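The next block is query_12.cif, given as mmCIF, C-alpha atoms.
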data_data
#
loop_
_atom_site.label_atom_id
_atom_site.label_comp_id
_atom_site.auth_asym_id
_atom_site.auth_seq_id
_atom_site.Cartn_x
_atom_site.Cartn_y
_atom_site.Cartn_z
CA MET L 92 50.56 11.03 23.56
CA THR L 93 47.90 8.39 23.03
CA GLU L 94 48.68 5.87 20.31
CA LYS L 95 46.69 6.69 17.17
CA ASN L 96 44.51 3.93 15.77
CA LEU L 97 41.03 3.30 14.37
CA LYS L 98 39.51 3.78 17.83
CA THR L 99 41.06 7.22 18.29
CA LEU L 100 40.13 8.10 14.69
CA PHE L 101 36.51 7.15 15.44
CA GLU L 102 36.57 9.25 18.59
CA ASP L 103 38.22 12.24 16.86
CA THR L 104 35.65 12.15 14.06
CA LEU L 105 32.82 11.83 16.59
CA LYS L 106 34.08 15.05 18.23
CA ASP L 107 34.22 16.71 14.79
CA ILE L 108 30.62 15.89 13.88
CA TYR L 109 29.48 16.75 17.43
CA PHE L 110 30.91 20.24 16.90
CA ALA L 111 29.28 20.34 13.45
CA GLU L 112 25.80 19.33 14.69
CA LYS L 113 25.96 21.93 17.45
CA ALA L 114 27.01 24.60 14.94
CA ILE L 115 24.12 23.56 12.70
CA THR L 116 21.59 23.96 15.56
CA LYS L 117 22.79 27.58 15.82
CA ALA L 118 22.73 28.22 12.05
CA LEU L 119 19.30 26.73 11.27
CA PRO L 120 17.12 29.26 13.17
CA LYS L 121 18.88 32.07 11.27
CA MET L 122 18.35 30.27 7.96
CA ALA L 123 14.67 29.67 8.81
CA LYS L 124 14.25 33.37 9.58
CA ALA L 125 16.00 34.41 6.36
CA ALA L 126 14.01 32.05 4.09
CA GLN L 127 11.50 33.77 1.82
CA SER L 128 9.10 30.88 1.30
CA GLU L 129 7.15 29.54 4.26
CA GLU L 130 7.77 26.01 3.03
CA LEU L 131 11.55 26.45 3.23
CA GLY L 132 11.32 28.12 6.65
CA ASP L 133 9.25 25.15 7.87
CA ALA L 134 11.76 22.70 6.40
CA PHE L 135 14.61 24.39 8.29
CA ARG L 136 12.59 24.41 11.52
CA THR L 137 11.75 20.70 11.18
CA HIS L 138 15.38 19.92 10.49
CA LEU L 139 16.38 21.89 13.59
CA GLU L 140 14.32 19.52 15.74
CA GLN L 141 15.93 16.54 14.00
CA THR L 142 19.39 18.03 14.49
CA GLN L 143 18.76 18.36 18.22
CA GLY L 144 18.00 14.63 18.17
CA HIS L 145 21.26 13.99 16.31
CA VAL L 146 23.19 15.83 19.04
CA GLN L 147 21.54 13.59 21.66
CA ARG L 148 22.35 10.43 19.67
CA LEU L 149 26.00 11.49 19.50
CA GLU L 150 25.95 11.98 23.28
CA GLN L 151 24.60 8.43 23.60
CA ILE L 152 27.48 7.15 21.46
CA PHE L 153 30.04 9.01 23.58
CA GLY L 154 28.38 7.23 26.53
CA LEU L 155 28.73 3.85 24.80
CA ILE L 156 32.49 4.34 24.42
CA GLY L 157 32.75 5.61 28.00
CA LYS L 158 33.80 9.13 27.05
CA LYS L 159 32.47 12.55 27.90
CA ALA L 160 30.81 14.25 24.88
CA THR L 161 33.37 16.75 23.61
CA ALA L 162 33.33 18.99 20.55
CA LYS L 163 36.46 19.55 18.46
CA THR L 164 36.46 22.53 16.09
CA CYS L 165 35.31 21.38 12.67
CA ASP L 166 36.75 23.80 10.10
CA ALA L 167 34.74 22.19 7.33
CA ILE L 168 31.34 23.00 8.81
CA LYS L 169 32.55 26.45 9.85
CA GLY L 170 33.46 27.13 6.21
CA ILE L 171 30.18 25.72 4.86
CA ILE L 172 28.09 27.76 7.32
CA LYS L 173 30.13 30.91 6.60
CA GLU L 174 29.35 30.53 2.89
CA GLY L 175 25.65 30.25 3.73
CA ASP L 176 25.84 33.41 5.86
CA GLU L 177 27.43 35.30 2.98
CA ILE L 178 24.66 34.20 0.61
CA ALA L 179 22.02 35.32 3.14
CA LYS L 180 23.70 38.70 3.38
CA GLU L 181 24.40 39.26 -0.32
CA TYR L 182 21.09 37.87 -1.62
CA GLY L 183 18.84 39.12 1.19
CA ARG L 184 16.67 41.19 -1.15
CA SER L 185 16.88 38.95 -4.18
CA LYS L 186 14.37 36.40 -5.44
CA ALA L 187 17.33 34.00 -5.69
CA LEU L 188 17.81 34.00 -1.89
CA ASP L 189 15.99 30.73 -1.25
CA ALA L 190 17.88 29.00 -4.07
CA GLY L 191 21.12 30.12 -2.41
CA LEU L 192 20.03 29.08 1.09
CA LEU L 193 19.03 25.68 -0.26
CA ALA L 194 22.41 25.22 -1.91
CA ALA L 195 24.09 26.02 1.42
CA ALA L 196 21.82 23.63 3.29
CA GLN L 197 22.55 20.84 0.80
CA ALA L 198 26.29 21.36 1.25
CA VAL L 199 25.72 20.93 5.00
CA GLU L 200 23.71 17.74 4.44
CA HIS L 201 26.35 16.26 2.15
CA TYR L 202 29.08 16.93 4.68
CA GLU L 203 27.04 15.12 7.30
CA ILE L 204 26.16 12.24 4.97
CA SER L 205 29.85 11.65 4.30
CA ARG L 206 30.78 11.83 8.00
CA TYR L 207 27.96 9.56 9.22
CA GLY L 208 28.65 7.04 6.43
CA THR L 209 32.30 6.88 7.51
CA LEU L 210 31.51 6.68 11.23
CA LYS L 211 28.95 3.93 10.69
CA THR L 212 31.50 1.81 8.75
CA TRP L 213 34.09 2.31 11.46
CA ALA L 214 31.64 1.53 14.31
CA THR L 215 30.69 -1.75 12.64
CA GLU L 216 34.35 -2.69 12.17
CA LEU L 217 35.09 -1.75 15.78
CA GLY L 218 32.38 -4.17 16.94
CA MET L 219 29.93 -1.54 18.18
CA PRO L 220 26.56 -2.54 16.71
CA GLU L 221 24.55 -0.16 18.93
CA ALA L 222 26.67 2.85 17.91
CA SER L 223 26.43 1.71 14.29
CA ARG L 224 22.63 1.52 14.56
CA LEU L 225 22.39 5.04 16.02
CA LEU L 226 24.71 6.44 13.33
CA ASP L 227 22.68 4.71 10.63
CA GLN L 228 19.47 6.23 11.99
CA THR L 229 20.93 9.75 11.71
CA LEU L 230 22.44 8.95 8.29
CA GLY L 231 18.97 7.96 7.06
CA GLU L 232 17.46 11.20 8.33
CA GLU L 233 20.18 13.31 6.68
CA LYS L 234 19.57 11.55 3.37
CA THR L 235 15.82 12.11 3.65
CA THR L 236 16.42 15.80 4.41
CA ASP L 237 18.71 16.10 1.39
CA MET L 238 15.99 14.61 -0.84
CA LEU L 239 13.42 17.05 0.58
CA LEU L 240 15.80 19.96 -0.05
CA THR L 241 16.35 18.78 -3.64
CA LYS L 242 12.57 18.90 -4.14
CA LEU L 243 12.33 22.39 -2.63
CA ALA L 244 15.35 23.51 -4.70
CA LYS L 245 13.42 22.76 -7.88
CA SER L 246 10.54 25.04 -6.93
CA SER L 247 12.78 27.78 -5.53
CA VAL L 248 14.81 27.85 -8.74
CA ASN L 249 11.62 28.27 -10.78
CA LEU L 250 10.68 31.29 -8.69
CA ALA L 251 14.15 32.75 -9.05
CA ALA L 252 14.10 32.22 -12.81
CA GLU L 253 10.71 33.92 -13.13
CA ALA L 254 12.24 37.01 -11.51
CA LEU L 255 14.94 37.31 -14.19
CA MET J 874 26.50 46.99 -7.22
CA THR J 875 25.19 44.43 -9.70
CA GLU J 876 21.64 43.29 -9.07
CA LYS J 877 21.65 39.86 -7.45
CA ASN J 878 19.67 37.16 -9.17
CA LEU J 879 19.88 33.51 -10.23
CA LYS J 880 22.43 34.39 -12.91
CA THR J 881 24.80 36.06 -10.45
CA LEU J 882 24.22 33.20 -7.97
CA PHE J 883 25.22 30.72 -10.69
CA GLU J 884 28.31 32.75 -11.47
CA ASP J 885 29.28 33.17 -7.78
CA THR J 886 28.92 29.44 -7.18
CA LEU J 887 30.92 28.67 -10.31
CA LYS J 888 33.77 30.81 -8.89
CA ASP J 889 33.46 28.94 -5.58
CA ILE J 890 33.78 25.48 -7.14
CA TYR J 891 36.55 26.73 -9.46
CA PHE J 892 38.54 27.72 -6.36
CA ALA J 893 37.68 24.36 -4.78
CA GLU J 894 38.80 22.28 -7.79
CA LYS J 895 42.08 24.19 -7.96
CA ALA J 896 42.65 23.65 -4.23
CA ILE J 897 41.93 19.94 -4.71
CA THR J 898 44.52 19.65 -7.50
CA LYS J 899 47.06 20.93 -4.94
CA ALA J 900 45.88 18.66 -2.12
CA LEU J 901 45.68 15.38 -4.07
CA PRO J 902 49.41 14.91 -4.79
CA LYS J 903 50.10 15.29 -1.06
CA MET J 904 47.37 12.81 -0.20
CA ALA J 905 48.70 10.35 -2.81
CA LYS J 906 52.17 10.64 -1.29
CA ALA J 907 50.85 10.17 2.25
CA ALA J 908 48.70 7.12 1.41
CA GLN J 909 50.02 3.83 2.77
CA SER J 910 48.40 1.46 0.30
CA GLU J 911 49.42 1.62 -3.33
CA GLU J 912 45.80 1.20 -4.37
CA LEU J 913 44.79 4.37 -2.51
CA GLY J 914 47.79 6.30 -3.86
CA ASP J 915 46.77 5.26 -7.38
CA ALA J 916 43.16 6.26 -6.75
CA PHE J 917 44.27 9.74 -5.67
CA ARG J 918 46.54 10.06 -8.70
CA THR J 919 43.75 9.02 -11.08
CA HIS J 920 41.40 11.47 -9.41
CA LEU J 921 43.99 14.22 -9.82
CA GLU J 922 43.89 13.74 -13.62
CA GLN J 923 40.10 13.84 -13.50
CA THR J 924 40.17 16.97 -11.36
CA GLN J 925 42.39 18.74 -13.91
CA GLY J 926 39.69 17.91 -16.45
CA HIS J 927 37.04 19.38 -14.13
CA VAL J 928 39.01 22.63 -13.95
CA GLN J 929 39.05 22.79 -17.76
CA ARG J 930 35.32 22.08 -17.96
CA LEU J 931 34.66 24.95 -15.56
CA GLU J 932 36.79 27.21 -17.77
CA GLN J 933 34.63 26.15 -20.73
CA ILE J 934 31.50 27.11 -18.77
CA PHE J 935 32.95 30.51 -17.88
CA GLY J 936 33.53 30.87 -21.63
CA LEU J 937 29.90 29.95 -22.37
CA ILE J 938 28.65 32.75 -20.11
CA GLY J 939 31.19 35.16 -21.57
CA LYS J 940 33.15 35.61 -18.36
CA LYS J 941 36.80 35.21 -17.46
CA ALA J 942 37.43 32.17 -15.24
CA THR J 943 37.84 33.55 -11.72
CA ALA J 944 38.25 31.79 -8.40
CA LYS J 945 36.51 33.05 -5.25
CA THR J 946 37.81 31.78 -1.91
CA CYS J 947 35.78 28.75 -0.88
CA ASP J 948 36.00 28.48 2.91
CA ALA J 949 34.22 25.15 2.85
CA ILE J 950 36.88 23.35 0.81
CA LYS J 951 39.63 25.11 2.76
CA GLY J 952 38.16 23.69 5.96
CA ILE J 953 37.69 20.20 4.51
CA ILE J 954 41.26 20.09 3.16
CA LYS J 955 42.64 21.44 6.46
CA GLU J 956 40.95 18.57 8.31
CA GLY J 957 42.56 16.12 5.90
CA ASP J 958 45.98 17.69 6.48
CA GLU J 959 45.54 17.32 10.22
CA ILE J 960 44.66 13.64 9.85
CA ALA J 961 47.74 13.10 7.65
CA LYS J 962 49.91 14.75 10.30
CA GLU J 963 48.38 13.11 13.38
CA TYR J 964 47.98 9.62 11.88
CA GLY J 965 51.15 9.57 9.78
CA ARG J 966 52.56 6.54 11.55
CA SER J 967 49.31 4.78 12.30
CA LYS J 968 47.68 1.91 10.44
CA ALA J 969 44.51 4.00 10.53
CA LEU J 970 46.05 6.66 8.24
CA ASP J 971 44.43 5.43 5.02
CA ALA J 972 41.03 5.18 6.71
CA GLY J 973 41.44 8.82 7.78
CA LEU J 974 42.61 9.97 4.35
CA LEU J 975 39.68 8.21 2.75
CA ALA J 976 37.23 9.90 5.10
CA ALA J 977 38.74 13.28 4.17
CA ALA J 978 38.56 12.47 0.45
CA GLN J 979 34.92 11.43 0.76
CA ALA J 980 34.08 14.71 2.49
CA VAL J 981 35.67 16.49 -0.50
CA GLU J 982 33.65 14.39 -2.97
CA HIS J 983 30.40 15.06 -1.14
CA TYR J 984 31.02 18.79 -1.15
CA GLU J 985 31.56 18.65 -4.90
CA ILE J 986 28.53 16.41 -5.48
CA SER J 987 26.32 18.93 -3.70
CA ARG J 988 27.78 21.90 -5.61
CA TYR J 989 27.63 20.28 -9.06
CA GLY J 990 24.08 19.03 -8.41
CA THR J 991 23.02 22.58 -7.57
CA LEU J 992 24.87 24.17 -10.50
CA LYS J 993 23.42 21.68 -12.95
CA THR J 994 19.85 22.44 -11.79
CA TRP J 995 20.48 26.17 -12.09
CA ALA J 996 22.12 25.88 -15.54
CA THR J 997 19.09 23.98 -16.83
CA GLU J 998 16.69 26.57 -15.42
CA LEU J 999 18.81 29.39 -16.90
CA GLY J 1000 18.47 27.80 -20.35
CA MET J 1001 22.10 26.70 -20.70
CA PRO J 1002 21.93 23.08 -21.89
CA GLU J 1003 25.63 22.91 -22.83
CA ALA J 1004 26.74 24.12 -19.38
CA SER J 1005 24.28 21.72 -17.80
CA ARG J 1006 25.72 18.82 -19.83
CA LEU J 1007 29.30 19.68 -18.79
CA LEU J 1008 28.29 19.98 -15.13
CA ASP J 1009 26.46 16.67 -15.32
CA GLN J 1010 29.55 14.99 -16.74
CA THR J 1011 31.67 16.14 -13.79
CA LEU J 1012 28.88 15.27 -11.35
CA GLY J 1013 28.87 11.72 -12.71
CA GLU J 1014 32.64 11.42 -12.28
CA GLU J 1015 32.51 12.70 -8.71
CA LYS J 1016 29.81 10.16 -7.86
CA THR J 1017 31.85 7.35 -9.41
CA THR J 1018 34.92 8.45 -7.43
CA ASP J 1019 32.87 8.51 -4.23
CA MET J 1020 31.72 4.93 -4.87
CA LEU J 1021 35.32 3.82 -5.54
CA LEU J 1022 36.43 5.50 -2.30
CA THR J 1023 33.64 3.73 -0.39
CA LYS J 1024 34.96 0.41 -1.71
CA LEU J 1025 38.54 1.28 -0.73
CA ALA J 1026 37.32 2.51 2.67
CA LYS J 1027 35.99 -0.96 3.44
CA SER J 1028 39.39 -2.61 2.86
CA SER J 1029 41.36 0.15 4.61
CA VAL J 1030 39.16 -0.12 7.68
CA ASN J 1031 39.77 -3.87 7.82
CA LEU J 1032 43.52 -3.25 7.82
CA ALA J 1033 43.18 -0.60 10.52
CA ALA J 1034 41.03 -2.92 12.64
CA GLU J 1035 43.57 -5.75 12.33
CA ALA J 1036 46.18 -3.42 13.82
CA LEU J 1037 44.12 -2.87 17.00
#
Could you write out this structure as structure tokens?
Amino acid sequence: MTEKNLKTLFEDTLKDIYFAEKAITKALPKMAKAAQSEELGDAFRTHLEQTQGHVQRLEQIFGLIGKKATAKTCDAIKGIIKEGDEIAKEYGRSKALDAGLLAAAQAVEHYEISRYGTLKTWATELGMPEASRLLDQTLGEEKTTDMLLTKLAKSSVNLAAEAL
Amino acid sequence: MTEKNLKTLFEDTLKDIYFAEKAITKALPKMAKAAQSEELGDAFRTHLEQTQGHVQRLEQIFGLIGKKATAKTCDAIKGIIKEGDEIAKEYGRSKALDAGLLAAAQAVEHYEISRYGTLKTWATELGMPEASRLLDQTLGEEKTTDMLLTKLAKSSVNLAAEAL
């Protein structure tokens, strides 16, 4: 068994978020299709393109540490996505659907924000400025997406409240 | 079947975070015991007390909407906690353990921050200022805990890096 240290922890967590990003690229088209407002559908589609870029950045980082890009099942993202699927199913005909989809998407973003924040700190400490820069770039994009979703959440919740 | 709307979405999400907070009160003592540094152990113990308060606040909110406090399985928190357990097991003898525990704890905090942010917005829109105030109080505490964990993460990562 390999000795466990900060390097292996970095690598394990990289595999976790690699799995998560790939799972998100599969979930987003479904969420975009389910969304009632065009604006929310567009936001999910734009974020899909970004997410594909995040996958590529992670592959670059695997390259920097001389490892093959490998995904390791991330139970957290599986759980978060499953909750989103349930909302889409249960609220499919309700005016509160978009509010629910937005809540699910924000849970995804927050998971990623926490993971990228951690990975960036570790990369810096491990003396990997290029990896740190790439992780910071993705972190910034996730934060921007979360802010955009917060804005959309305010209008979606108004619509849902009007339907009460 | 009850008609689905913003009110039922609020209630469903309340049940989700109620399950999550209860699961966290079970996970924190284990994390405090596993922690290598006393400072981190103390932080987990302090957060456990806070979390018990969050459970009570949620029970108050269930009371405000005239419903019995009920938990609904939250797959997201189950996944996040499971990942933390795995870290504790795999890194139990490593100097990187605390860094791993902190990463898990920050993923928990971020999940809660996203859920409480959403619930607070919905409570306001549903004309429930008292619920909104209670949710905002918890949200503030989760954000403060996340900042404290970020600070601790910086020192734990230094320790882990020294051991390389």
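The gap separating atom CA of L:Glu232 from atom CA of L:Gln151 is 17.1 Å, in Å to one decimal.
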- Near chain L, which residues of chain J fall within 6 Å when you count all atoms listed in the file, and what do they look like as a list in words?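 So the residues of chain J near chain L are Lys877, Asn878, Leu879, Asp948, Ala949, Gly952, Ile953, Ser967, Ala969, Ala980, His983, Tyr984, Ser987 and Ala1033 of chain J.
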Store the residues of this selection in a file with C-alpha atoms, as a PDB file, keeping the file's coordinate frame.
ATOM      1  CA  LYS J 877      21.650  39.860  -7.450  1.00  0.00           C
ATOM      2  CA  ASN J 878      19.670  37.160  -9.170  1.00  0.00           C
ATOM      3  CA  LEU J 879      19.880  33.510 -10.230  1.00  0.00           C
ATOM      4  CA  ASP J 948      36.000  28.480   2.910  1.00  0.00           C
ATOM      5  CA  ALA J 949      34.220  25.150   2.850  1.00  0.00           C
ATOM      6  CA  GLY J 952      38.160  23.690   5.960  1.00  0.00           C
ATOM      7  CA  ILE J 953      37.690  20.200   4.510  1.00  0.00           C
ATOM      8  CA  SER J 967      49.310   4.780  12.300  1.00  0.00           C
ATOM      9  CA  ALA J 969      44.510   4.000  10.530  1.00  0.00           C
ATOM     10  CA  ALA J 980      34.080  14.710   2.490  1.00  0.00           C
ATOM     11  CA  HIS J 983      30.400  15.060  -1.140  1.00  0.00           C
ATOM     12  CA  TYR J 984      31.020  18.790  -1.150  1.00  0.00           C
ATOM     13  CA  SER J 987      26.320  18.930  -3.700  1.00  0.00           C
ATOM     14  CA  ALA J1033      43.180  -0.600  10.520  1.00  0.00           C
TER      15      ALA J1033
END
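Between atom CA of L:Tyr207 and atom CA of L:Leu226 the interatomic distance comes to 6.1 Å.
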- Query: Any idea what the distance is between atom CA of L:Ala179 and atom CA of L:Met122?
  - Reply: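 Going from atom CA of L:Ala179 over to atom CA of L:Met122 covers 7.9 Å.
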- Message: Can you tell me which residues surround J:Asp971 at a distance of at most 8 Å, considering all atoms listed in the file, apart from same-chain residues fewer than 4 positions away, and format the answer as a ChimeraX atom specification?
- Response: /J:908-910,913,975,1029
Write the selection just made, keeping C-alpha atoms, as a PDB file, keeping the file's coordinate frame?
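Just written: part.pdb:
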ATOM      1  CA  ALA J 908      48.700   7.120   1.410  1.00  0.00           C
ATOM      2  CA  GLN J 909      50.020   3.830   2.770  1.00  0.00           C
ATOM      3  CA  SER J 910      48.400   1.460   0.300  1.00  0.00           C
ATOM      4  CA  LEU J 913      44.790   4.370  -2.510  1.00  0.00           C
ATOM      5  CA  LEU J 975      39.680   8.210   2.750  1.00  0.00           C
ATOM      6  CA  SER J1029      41.360   0.150   4.610  1.00  0.00           C
TER       7      SER J1029
END
- In terms of only C-alpha atoms, the residue from L:Glu221, L:Glu233, L:Glu102, L:Glu130 at minimal distance from L:Gly144 is L:Glu233
- Item | Non-local contacts of J:Ser1005 (7 Å; all atoms listed in the file; under 4 positions in same chain excluded) as a PyMOL selection string | chain J and resi 993+996-997+1001+1009
Using only C-alpha atoms, please write the residues we just selected to a file, as a PDB file, in the frame of the given file.
ATOM      1  CA  LYS J 993      23.420  21.680 -12.950  1.00  0.00           C
ATOM      2  CA  ALA J 996      22.120  25.880 -15.540  1.00  0.00           C
ATOM      3  CA  THR J 997      19.090  23.980 -16.830  1.00  0.00           C
ATOM      4  CA  MET J1001      22.100  26.700 -20.700  1.00  0.00           C
ATOM      5  CA  ASP J1009      26.460  16.670 -15.320  1.00  0.00           C
TER       6      ASP J1009
END
